[in-house]
$ cat model07.pdb   # PDB, C-alpha atoms
ATOM      1  CA  MET A   1       0.000   0.000   0.000
ATOM      2  CA  GLY A   2       1.423   3.347  -0.964
ATOM      3  CA  ARG A   3       1.862   6.384   1.180
ATOM      4  CA  GLY A   4      -1.074   8.182  -0.491
ATOM      5  CA  GLN A   5      -3.395   5.253   0.111
ATOM      6  CA  LYS A   6      -2.387   5.114   3.796
ATOM      7  CA  THR A   7      -3.132   8.798   4.148
ATOM      8  CA  ILE A   8      -6.542   8.402   2.533
ATOM      9  CA  LEU A   9      -7.322   5.344   4.709
ATOM     10  CA  THR A  10      -6.251   7.230   7.832
ATOM     11  CA  MET A  11      -8.442  10.199   6.907
ATOM     12  CA  VAL A  12     -11.435   7.958   6.188
ATOM     13  CA  ILE A  13     -10.996   6.225   9.556
ATOM     14  CA  LEU A  14     -10.627   9.605  11.282
ATOM     15  CA  VAL A  15     -13.797  10.956   9.618
ATOM     16  CA  VAL A  16     -15.734   7.782  10.505
ATOM     17  CA  VAL A  17     -14.549   7.995  14.126
ATOM     18  CA  LEU A  18     -15.381  11.714  14.333
ATOM     19  CA  ILE A  19     -18.887  11.020  13.060
ATOM     20  CA  LEU A  20     -19.423   7.743  14.893
ATOM     21  CA  ILE A  21     -18.435   8.883  18.408
ATOM     22  CA  PRO A  22     -20.893  11.817  18.588
ATOM     23  CA  PHE A  23     -23.615   9.678  17.000
ATOM     24  CA  LEU A  24     -23.094   6.923  19.580
ATOM     25  CA  TYR A  25     -23.089   9.479  22.397
ATOM     26  CA  VAL A  26     -26.339  11.085  21.200
ATOM     27  CA  LYS A  27     -27.955   7.678  20.680
ATOM     28  CA  SER A  28     -26.901   6.431  24.112
ATOM     29  CA  THR A  29     -27.989   9.631  25.882
ATOM     30  CA  TYR A  30     -31.321   9.743  24.078
ATOM     31  CA  ASN A  31     -32.075   6.112  24.922
ATOM     32  CA  THR A  32     -31.110   6.713  28.557
ATOM     33  CA  LEU A  33     -33.486   9.694  28.728
ATOM     34  CA  VAL A  34     -36.300   7.667  27.166
ATOM     35  CA  ARG A  35     -35.727   4.845  29.679
ATOM     36  CA  MET A  36     -35.696   7.296  32.601
ATOM     37  CA  ASP A  37     -38.838   9.049  31.335
ATOM     38  CA  GLU A  38     -40.577   5.658  31.189
ATOM     39  CA  GLN A  39     -39.406   4.892  34.732
ATOM     40  CA  VAL A  40     -41.008   8.144  35.917
ATOM     41  CA  LYS A  41     -44.252   7.152  34.175
ATOM     42  CA  ALA A  42     -44.140   3.655  35.680
ATOM     43  CA  ALA A  43     -43.508   5.056  39.158
ATOM     44  CA  TRP A  44     -46.463   7.425  38.724
ATOM     45  CA  ALA A  45     -48.637   4.503  37.633
ATOM     46  CA  GLN A  46     -47.827   2.767  40.929
ATOM     47  CA  VAL A  47     -48.793   5.905  42.849
ATOM     48  CA  GLU A  48     -52.052   6.047  40.884
ATOM     49  CA  ASN A  49     -52.804   2.397  41.708
ATOM     50  CA  GLN A  50     -52.658   3.175  45.403
ATOM     51  CA  LEU A  51     -54.561   6.448  45.025
ATOM     52  CA  GLN A  52     -57.292   4.537  43.171
ATOM     53  CA  ARG A  53     -57.426   1.986  45.997
ATOM     54  CA  ARG A  54     -57.951   4.801  48.503
ATOM     55  CA  TYR A  55     -60.481   6.436  46.177
ATOM     56  CA  ASP A  56     -62.465   3.181  46.050
ATOM     57  CA  LEU A  57     -62.396   2.685  49.842
ATOM     58  CA  ILE A  58     -63.623   6.159  50.741
ATOM     59  CA  PRO A  59     -67.355   5.760  49.983
ATOM     60  CA  ASN A  60     -67.622   2.721  52.300
ATOM     61  CA  TYR A  61     -65.642   4.504  54.979
ATOM     62  CA  VAL A  62     -67.773   7.654  54.737
ATOM     63  CA  GLU A  63     -71.039   5.683  54.789
ATOM     64  CA  THR A  64     -69.954   3.801  57.915
ATOM     65  CA  VAL A  65     -69.063   7.040  59.694
ATOM     66  CA  LYS A  66     -72.282   8.715  58.497
ATOM     67  CA  GLY A  67     -74.317   6.098  60.314
ATOM     68  CA  TYR A  68     -72.816   7.270  63.609
ATOM     69  CA  ALA A  69     -72.212  10.944  62.971
ATOM     70  CA  LYS A  70     -75.304  12.172  61.188
ATOM     71  CA  HIS A  71     -74.777  15.830  62.158
ATOM     72  CA  GLU A  72     -71.244  16.080  60.651
ATOM     73  CA  LYS A  73     -72.532  16.939  57.171
ATOM     74  CA  GLU A  74     -69.858  19.525  56.336
ATOM     75  CA  VAL A  75     -67.055  16.991  56.749
ATOM     76  CA  PHE A  76     -68.828  14.468  54.517
ATOM     77  CA  ILE A  77     -69.441  17.124  51.884
ATOM     78  CA  LYS A  78     -65.744  18.110  51.903
ATOM     79  CA  VAL A  79     -64.659  14.485  51.492
ATOM     80  CA  THR A  80     -67.137  13.966  48.656
ATOM     81  CA  GLU A  81     -66.066  17.192  46.914
ATOM     82  CA  ALA A  82     -62.382  16.308  47.266
ATOM     83  CA  ARG A  83     -63.043  12.812  45.920
ATOM     84  CA  SER A  84     -64.824  14.367  42.905
ATOM     85  CA  LYS A  85     -61.813  16.581  42.222
ATOM     86  CA  VAL A  86     -59.603  13.487  42.190
ATOM     87  CA  ALA A  87     -61.896  11.887  39.625
ATOM     88  CA  GLY A  88     -61.775  14.984  37.417
ATOM     89  CA  ALA A  89     -58.028  15.597  37.559
ATOM     90  CA  THR A  90     -56.197  14.801  34.318
ATOM     91  CA  SER A  91     -52.595  16.032  34.576
ATOM     92  CA  ILE A  92     -50.095  14.824  37.159
ATOM     93  CA  PRO A  93     -49.912  18.242  38.909
ATOM     94  CA  ASP A  94     -53.746  18.374  39.036
ATOM     95  CA  LYS A  95     -53.901  14.830  40.394
ATOM     96  CA  ILE A  96     -51.307  15.650  43.051
ATOM     97  CA  LYS A  97     -53.241  18.771  44.097
ATOM     98  CA  ALA A  98     -56.585  16.929  44.169
ATOM     99  CA  ASN A  99     -55.148  14.058  46.202
ATOM    100  CA  ASN A 100     -53.582  16.482  48.665
ATOM    101  CA  GLU A 101     -57.039  18.040  49.132
ATOM    102  CA  LEU A 102     -58.513  14.571  49.619
ATOM    103  CA  SER A 103     -55.862  13.781  52.228
ATOM    104  CA  ALA A 104     -56.785  16.965  54.100
ATOM    105  CA  ALA A 105     -60.501  16.099  53.978
ATOM    106  CA  LEU A 106     -59.769  12.592  55.257
ATOM    107  CA  SER A 107     -57.763  14.079  58.112
ATOM    108  CA  ARG A 108     -60.813  16.112  59.135
ATOM    109  CA  LEU A 109     -62.937  12.962  58.878
ATOM    110  CA  LEU A 110     -60.542  11.156  61.217
ATOM    111  CA  VAL A 111     -61.010  13.959  63.747
ATOM    112  CA  VAL A 112     -64.771  13.335  63.568
ATOM    113  CA  VAL A 113     -64.201   9.614  64.115
ATOM    114  CA  GLU A 114     -62.370  10.332  67.364
ATOM    115  CA  ARG A 115     -65.587  11.809  68.776
ATOM    116  CA  TYR A 116     -67.522   8.527  68.453
ATOM    117  CA  PRO A 117     -66.245   5.694  70.647
ATOM    118  CA  ASP A 118     -69.040   3.329  69.489
ATOM    119  CA  LEU A 119     -67.946   3.812  65.898
ATOM    120  CA  LYS A 120     -64.357   2.958  66.731
ATOM    121  CA  ALA A 121     -65.575  -0.354  68.196
ATOM    122  CA  ASN A 122     -67.602  -1.332  65.098
ATOM    123  CA  GLN A 123     -65.923  -4.280  63.304
ATOM    124  CA  ASN A 124     -66.772  -3.071  59.797
ATOM    125  CA  PHE A 125     -65.367   0.322  60.624
ATOM    126  CA  ILE A 126     -62.213  -1.171  62.135
ATOM    127  CA  ARG A 127     -61.638  -3.266  59.012
ATOM    128  CA  LEU A 128     -62.213  -0.263  56.727
ATOM    129  CA  GLN A 129     -59.967   1.915  58.843
ATOM    130  CA  ASP A 130     -57.198  -0.710  58.725
ATOM    131  CA  GLU A 131     -57.541  -0.975  54.941
ATOM    132  CA  LEU A 132     -57.439   2.796  54.599
ATOM    133  CA  ALA A 133     -54.402   3.046  56.894
ATOM    134  CA  GLY A 134     -52.639   0.325  54.902
ATOM    135  CA  THR A 135     -53.460   2.145  51.687
ATOM    136  CA  GLU A 136     -52.122   5.417  53.082
ATOM    137  CA  ASN A 137     -48.868   3.620  53.929
ATOM    138  CA  ARG A 138     -48.685   2.188  50.402
ATOM    139  CA  ILE A 139     -49.308   5.653  48.971
ATOM    140  CA  ALA A 140     -46.448   7.031  51.077
ATOM    141  CA  VAL A 141     -44.095   4.292  49.853
ATOM    142  CA  GLU A 142     -45.051   4.735  46.202
ATOM    143  CA  ARG A 143     -44.878   8.529  46.510
ATOM    144  CA  ARG A 144     -41.347   8.205  47.905
ATOM    145  CA  ARG A 145     -40.349   5.869  45.043
ATOM    146  CA  PHE A 146     -41.922   8.205  42.490
ATOM    147  CA  ASN A 147     -40.138  11.239  43.924
ATOM    148  CA  GLU A 148     -36.801   9.387  43.895
ATOM    149  CA  THR A 149     -37.321   8.418  40.251
ATOM    150  CA  VAL A 150     -38.252  12.019  39.420
ATOM    151  CA  ARG A 151     -35.157  13.284  41.253
ATOM    152  CA  VAL A 152     -32.821  11.004  39.272
ATOM    153  CA  TYR A 153     -34.514  11.900  35.975
ATOM    154  CA  ASN A 154     -34.560  15.657  36.658
ATOM    155  CA  THR A 155     -30.900  15.571  37.712
ATOM    156  CA  LYS A 156     -29.980  13.778  34.498
ATOM    157  CA  ILE A 157     -31.799  16.198  32.189
ATOM    158  CA  ARG A 158     -30.299  19.201  34.002
ATOM    159  CA  SER A 159     -26.705  17.893  33.939
ATOM    160  CA  PHE A 160     -24.262  19.087  31.300
ATOM    161  CA  PRO A 161     -23.991  18.060  28.451
ATOM    162  CA  THR A 162     -27.154  15.944  28.680
ATOM    163  CA  ASN A 163     -29.197  19.107  29.253
ATOM    164  CA  ILE A 164     -28.440  20.218  25.694
ATOM    165  CA  LEU A 165     -29.714  16.968  24.202
ATOM    166  CA  ALA A 166     -32.678  16.835  26.602
ATOM    167  CA  SER A 167     -33.689  20.308  25.467
ATOM    168  CA  MET A 168     -33.216  19.424  21.795
ATOM    169  CA  PHE A 169     -35.405  16.326  22.118
ATOM    170  CA  GLY A 170     -38.075  17.984  24.283
ATOM    171  CA  PHE A 171     -37.511  16.198  27.603
ATOM    172  CA  LYS A 172     -39.081  18.292  30.368
ATOM    173  CA  PRO A 173     -38.598  18.083  34.145
ATOM    174  CA  ALA A 174     -41.105  15.867  35.943
ATOM    175  CA  THR A 175     -43.244  17.157  38.824
ATOM    176  CA  PHE A 176     -42.596  15.911  42.356
ATOM    177  CA  PHE A 177     -45.502  14.626  44.461
ATOM    178  CA  GLN A 178     -45.198  16.980  47.402
ATOM    179  CA  VAL A 179     -47.538  17.575  50.276
ATOM    180  CA  PRO A 180     -48.210  21.310  50.749
ATOM    181  CA  LYS A 181     -46.643  22.760  53.895
ATOM    182  CA  GLU A 182     -50.032  23.602  55.429
ATOM    183  CA  LYS A 183     -51.090  19.940  55.071
ATOM    184  CA  GLN A 184     -47.976  18.535  56.783
ATOM    185  CA  GLU A 185     -49.312  19.299  60.245
ATOM    186  CA  ALA A 186     -51.249  16.538  61.990
ATOM    187  CA  PRO A 187     -54.948  17.298  62.567
ATOM    188  CA  LYS A 188     -55.873  18.425  66.067
ATOM    189  CA  VAL A 189     -58.291  16.186  67.932
ATOM    190  CA  LYS A 190     -60.562  18.184  70.260
ATOM    191  CA  PHE A 191     -63.353  16.815  72.373
ATOM    192  CA  ASP A 192     -66.202  19.222  73.017
TER     193      ASP A 192
END
$ encode --input "model07.pdb" --output "structure tokens"
Amino acid sequence: MGRGQKTILTMVILVVVLILIPFLYVKSTYNTLVRMDEQVKAAWAQVENQLQRRYDLIPNYVETVKGYAKHEKEVFIKVTEARSKVAGATSIPDKIKANNELSAALSRLLVVVERYPDLKANQNFIRLQDELAGTENRIAVERRRFNETVRVYNTKIRSFPTNILASMFGFKPATFFQVPKEKQEAPKVKFD
């Protein structure tokens, strides 16, 4: 092979390498972002499963409490309204907001429950309350997992140089499932 052919071969290899390396980087980064975006969606789906479980339990819980606390209409209305907002929410931020409102309404309902010792002794109520408590624990676990997945994803799309590719391909930060500060305080139980 002559010197001219070696030079041409070297230049062809150099051009291929200079094109191939950036292509492989972009491909790898894009696929990583797609995988992480899907992980965020899967984590949210798990949160929604548990929120749906709570949503389905609430009518039975409310009806059981209503039988004992007929004059607590305002609390029942708030729970029903909050549950309706959950049903109507479509985006993740709207669903988070609606479920935070539902959590607040349920907290007020639990305060009502404390006023009725006979209710707390009812077996159906105890079973429903245990199921609801278990569901709340599952929601907390799934919310934590979702937020961790969102944190990893958001960190990745904000890190250089991935942020350039994320912006080019339209990857947006995901929303955390946070409880508003005013809802983080435990409800006060007061006996009249």
$ atom_distance --input "model07.pdb" --atom1 "CA of Glu148 (chain A)" --atom2 "CA of Tyr25 (chain A)"
25.5 Å
$ closest_atom_pairs --input "model07.pdb" --of "region 110-192 of chain A" --to "region 58-64 of chain A" --cutoff "8 Å" --atoms "only C-alpha atoms" --output "CSV"
residue,atom,partner,partner_atom,distance
A:Asn124,CA,A:Thr64,CA,7.8
A:Phe125,CA,A:Thr64,CA,6.4
A:Leu128,CA,A:Tyr61,CA,6.1
A:Gln129,CA,A:Tyr61,CA,7.3
$ atom_distance --input "model07.pdb" --atom1 "CA of Met168 (chain A)" --atom2 "CA of Leu18 (chain A)"
20.8 Å
$ resolve_selection --input "model07.pdb" --expression "the PyMOL selection byres ((chain A and resi 120) around 12)" --output "ChimeraX atom specification"
/A:61,64-65,68-69,110-119,121-130
$ closest_residue --input "model07.pdb" --among "A:Glu74, A:Leu165, A:Val150, A:Ser159" --to "Asp37 (chain A)" --atoms "only C-alpha atoms"
A:Val150
$ residues_around --input "model07.pdb" --residues "region 140-144 of chain A" --least-positions-apart "3" --cutoff "7 Å" --atoms "all atoms listed in the file" --output "short mmCIF file (atom, residue, chain, number, x, y, z; two decimals) with C-alpha atoms, in the coordinates of the input"
data_model
loop_
_atom_site.label_atom_id
_atom_site.label_comp_id
_atom_site.auth_asym_id
_atom_site.auth_seq_id
_atom_site.Cartn_x
_atom_site.Cartn_y
_atom_site.Cartn_z
CA GLN A 46 -47.83 2.77 40.93
CA VAL A 47 -48.79 5.90 42.85
CA GLU A 136 -52.12 5.42 53.08
CA ASN A 137 -48.87 3.62 53.93
CA ASN A 147 -40.14 11.24 43.92
CA GLU A 148 -36.80 9.39 43.90
CA PHE A 177 -45.50 14.63 44.46
#
$ residues_around --input "model07.pdb" --residues "Val40 (chain A)" --least-positions-apart "6" --cutoff "10 Å" --atoms "only C-alpha atoms" --output "MDAnalysis selection string"
chainID A and resid 34 145:154 174:175
$ decode --input "model07.pdb" --residues "region 41-164 of chain A" --atoms "C-alpha atoms" --output "compact mmCIF listing (two decimals), in the first residue's frame"
# COMPACT_ATOMS: atom_id res chain seq x y z
CA LYS A 41 -44.25 7.15 34.18
CA ALA A 42 -44.14 3.66 35.68
CA ALA A 43 -43.51 5.06 39.16
CA TRP A 44 -46.46 7.43 38.72
CA ALA A 45 -48.64 4.50 37.63
CA GLN A 46 -47.83 2.77 40.93
CA VAL A 47 -48.79 5.91 42.85
CA GLU A 48 -52.05 6.05 40.88
CA ASN A 49 -52.80 2.40 41.71
CA GLN A 50 -52.66 3.17 45.40
CA LEU A 51 -54.56 6.45 45.02
CA GLN A 52 -57.29 4.54 43.17
CA ARG A 53 -57.43 1.99 46.00
CA ARG A 54 -57.95 4.80 48.50
CA TYR A 55 -60.48 6.44 46.18
CA ASP A 56 -62.47 3.18 46.05
CA LEU A 57 -62.40 2.69 49.84
CA ILE A 58 -63.62 6.16 50.74
CA PRO A 59 -67.36 5.76 49.98
CA ASN A 60 -67.62 2.72 52.30
CA TYR A 61 -65.64 4.50 54.98
CA VAL A 62 -67.77 7.65 54.74
CA GLU A 63 -71.04 5.68 54.79
CA THR A 64 -69.95 3.80 57.92
CA VAL A 65 -69.06 7.04 59.69
CA LYS A 66 -72.28 8.71 58.50
CA GLY A 67 -74.32 6.10 60.31
CA TYR A 68 -72.82 7.27 63.61
CA ALA A 69 -72.21 10.94 62.97
CA LYS A 70 -75.30 12.17 61.19
CA HIS A 71 -74.78 15.83 62.16
CA GLU A 72 -71.24 16.08 60.65
CA LYS A 73 -72.53 16.94 57.17
CA GLU A 74 -69.86 19.53 56.34
CA VAL A 75 -67.06 16.99 56.75
CA PHE A 76 -68.83 14.47 54.52
CA ILE A 77 -69.44 17.12 51.88
CA LYS A 78 -65.74 18.11 51.90
CA VAL A 79 -64.66 14.48 51.49
CA THR A 80 -67.14 13.97 48.66
CA GLU A 81 -66.07 17.19 46.91
CA ALA A 82 -62.38 16.31 47.27
CA ARG A 83 -63.04 12.81 45.92
CA SER A 84 -64.82 14.37 42.90
CA LYS A 85 -61.81 16.58 42.22
CA VAL A 86 -59.60 13.49 42.19
CA ALA A 87 -61.90 11.89 39.63
CA GLY A 88 -61.77 14.98 37.42
CA ALA A 89 -58.03 15.60 37.56
CA THR A 90 -56.20 14.80 34.32
CA SER A 91 -52.60 16.03 34.58
CA ILE A 92 -50.09 14.82 37.16
CA PRO A 93 -49.91 18.24 38.91
CA ASP A 94 -53.75 18.37 39.04
CA LYS A 95 -53.90 14.83 40.39
CA ILE A 96 -51.31 15.65 43.05
CA LYS A 97 -53.24 18.77 44.10
CA ALA A 98 -56.59 16.93 44.17
CA ASN A 99 -55.15 14.06 46.20
CA ASN A 100 -53.58 16.48 48.66
CA GLU A 101 -57.04 18.04 49.13
CA LEU A 102 -58.51 14.57 49.62
CA SER A 103 -55.86 13.78 52.23
CA ALA A 104 -56.78 16.96 54.10
CA ALA A 105 -60.50 16.10 53.98
CA LEU A 106 -59.77 12.59 55.26
CA SER A 107 -57.76 14.08 58.11
CA ARG A 108 -60.81 16.11 59.14
CA LEU A 109 -62.94 12.96 58.88
CA LEU A 110 -60.54 11.16 61.22
CA VAL A 111 -61.01 13.96 63.75
CA VAL A 112 -64.77 13.34 63.57
CA VAL A 113 -64.20 9.61 64.11
CA GLU A 114 -62.37 10.33 67.36
CA ARG A 115 -65.59 11.81 68.78
CA TYR A 116 -67.52 8.53 68.45
CA PRO A 117 -66.24 5.69 70.65
CA ASP A 118 -69.04 3.33 69.49
CA LEU A 119 -67.95 3.81 65.90
CA LYS A 120 -64.36 2.96 66.73
CA ALA A 121 -65.58 -0.35 68.20
CA ASN A 122 -67.60 -1.33 65.10
CA GLN A 123 -65.92 -4.28 63.30
CA ASN A 124 -66.77 -3.07 59.80
CA PHE A 125 -65.37 0.32 60.62
CA ILE A 126 -62.21 -1.17 62.14
CA ARG A 127 -61.64 -3.27 59.01
CA LEU A 128 -62.21 -0.26 56.73
CA GLN A 129 -59.97 1.92 58.84
CA ASP A 130 -57.20 -0.71 58.72
CA GLU A 131 -57.54 -0.98 54.94
CA LEU A 132 -57.44 2.80 54.60
CA ALA A 133 -54.40 3.05 56.89
CA GLY A 134 -52.64 0.32 54.90
CA THR A 135 -53.46 2.15 51.69
CA GLU A 136 -52.12 5.42 53.08
CA ASN A 137 -48.87 3.62 53.93
CA ARG A 138 -48.69 2.19 50.40
CA ILE A 139 -49.31 5.65 48.97
CA ALA A 140 -46.45 7.03 51.08
CA VAL A 141 -44.10 4.29 49.85
CA GLU A 142 -45.05 4.73 46.20
CA ARG A 143 -44.88 8.53 46.51
CA ARG A 144 -41.35 8.20 47.91
CA ARG A 145 -40.35 5.87 45.04
CA PHE A 146 -41.92 8.21 42.49
CA ASN A 147 -40.14 11.24 43.92
CA GLU A 148 -36.80 9.39 43.89
CA THR A 149 -37.32 8.42 40.25
CA VAL A 150 -38.25 12.02 39.42
CA ARG A 151 -35.16 13.28 41.25
CA VAL A 152 -32.82 11.00 39.27
CA TYR A 153 -34.51 11.90 35.98
CA ASN A 154 -34.56 15.66 36.66
CA THR A 155 -30.90 15.57 37.71
CA LYS A 156 -29.98 13.78 34.50
CA ILE A 157 -31.80 16.20 32.19
CA ARG A 158 -30.30 19.20 34.00
CA SER A 159 -26.71 17.89 33.94
CA PHE A 160 -24.26 19.09 31.30
CA PRO A 161 -23.99 18.06 28.45
CA THR A 162 -27.15 15.94 28.68
CA ASN A 163 -29.20 19.11 29.25
CA ILE A 164 -28.44 20.22 25.69
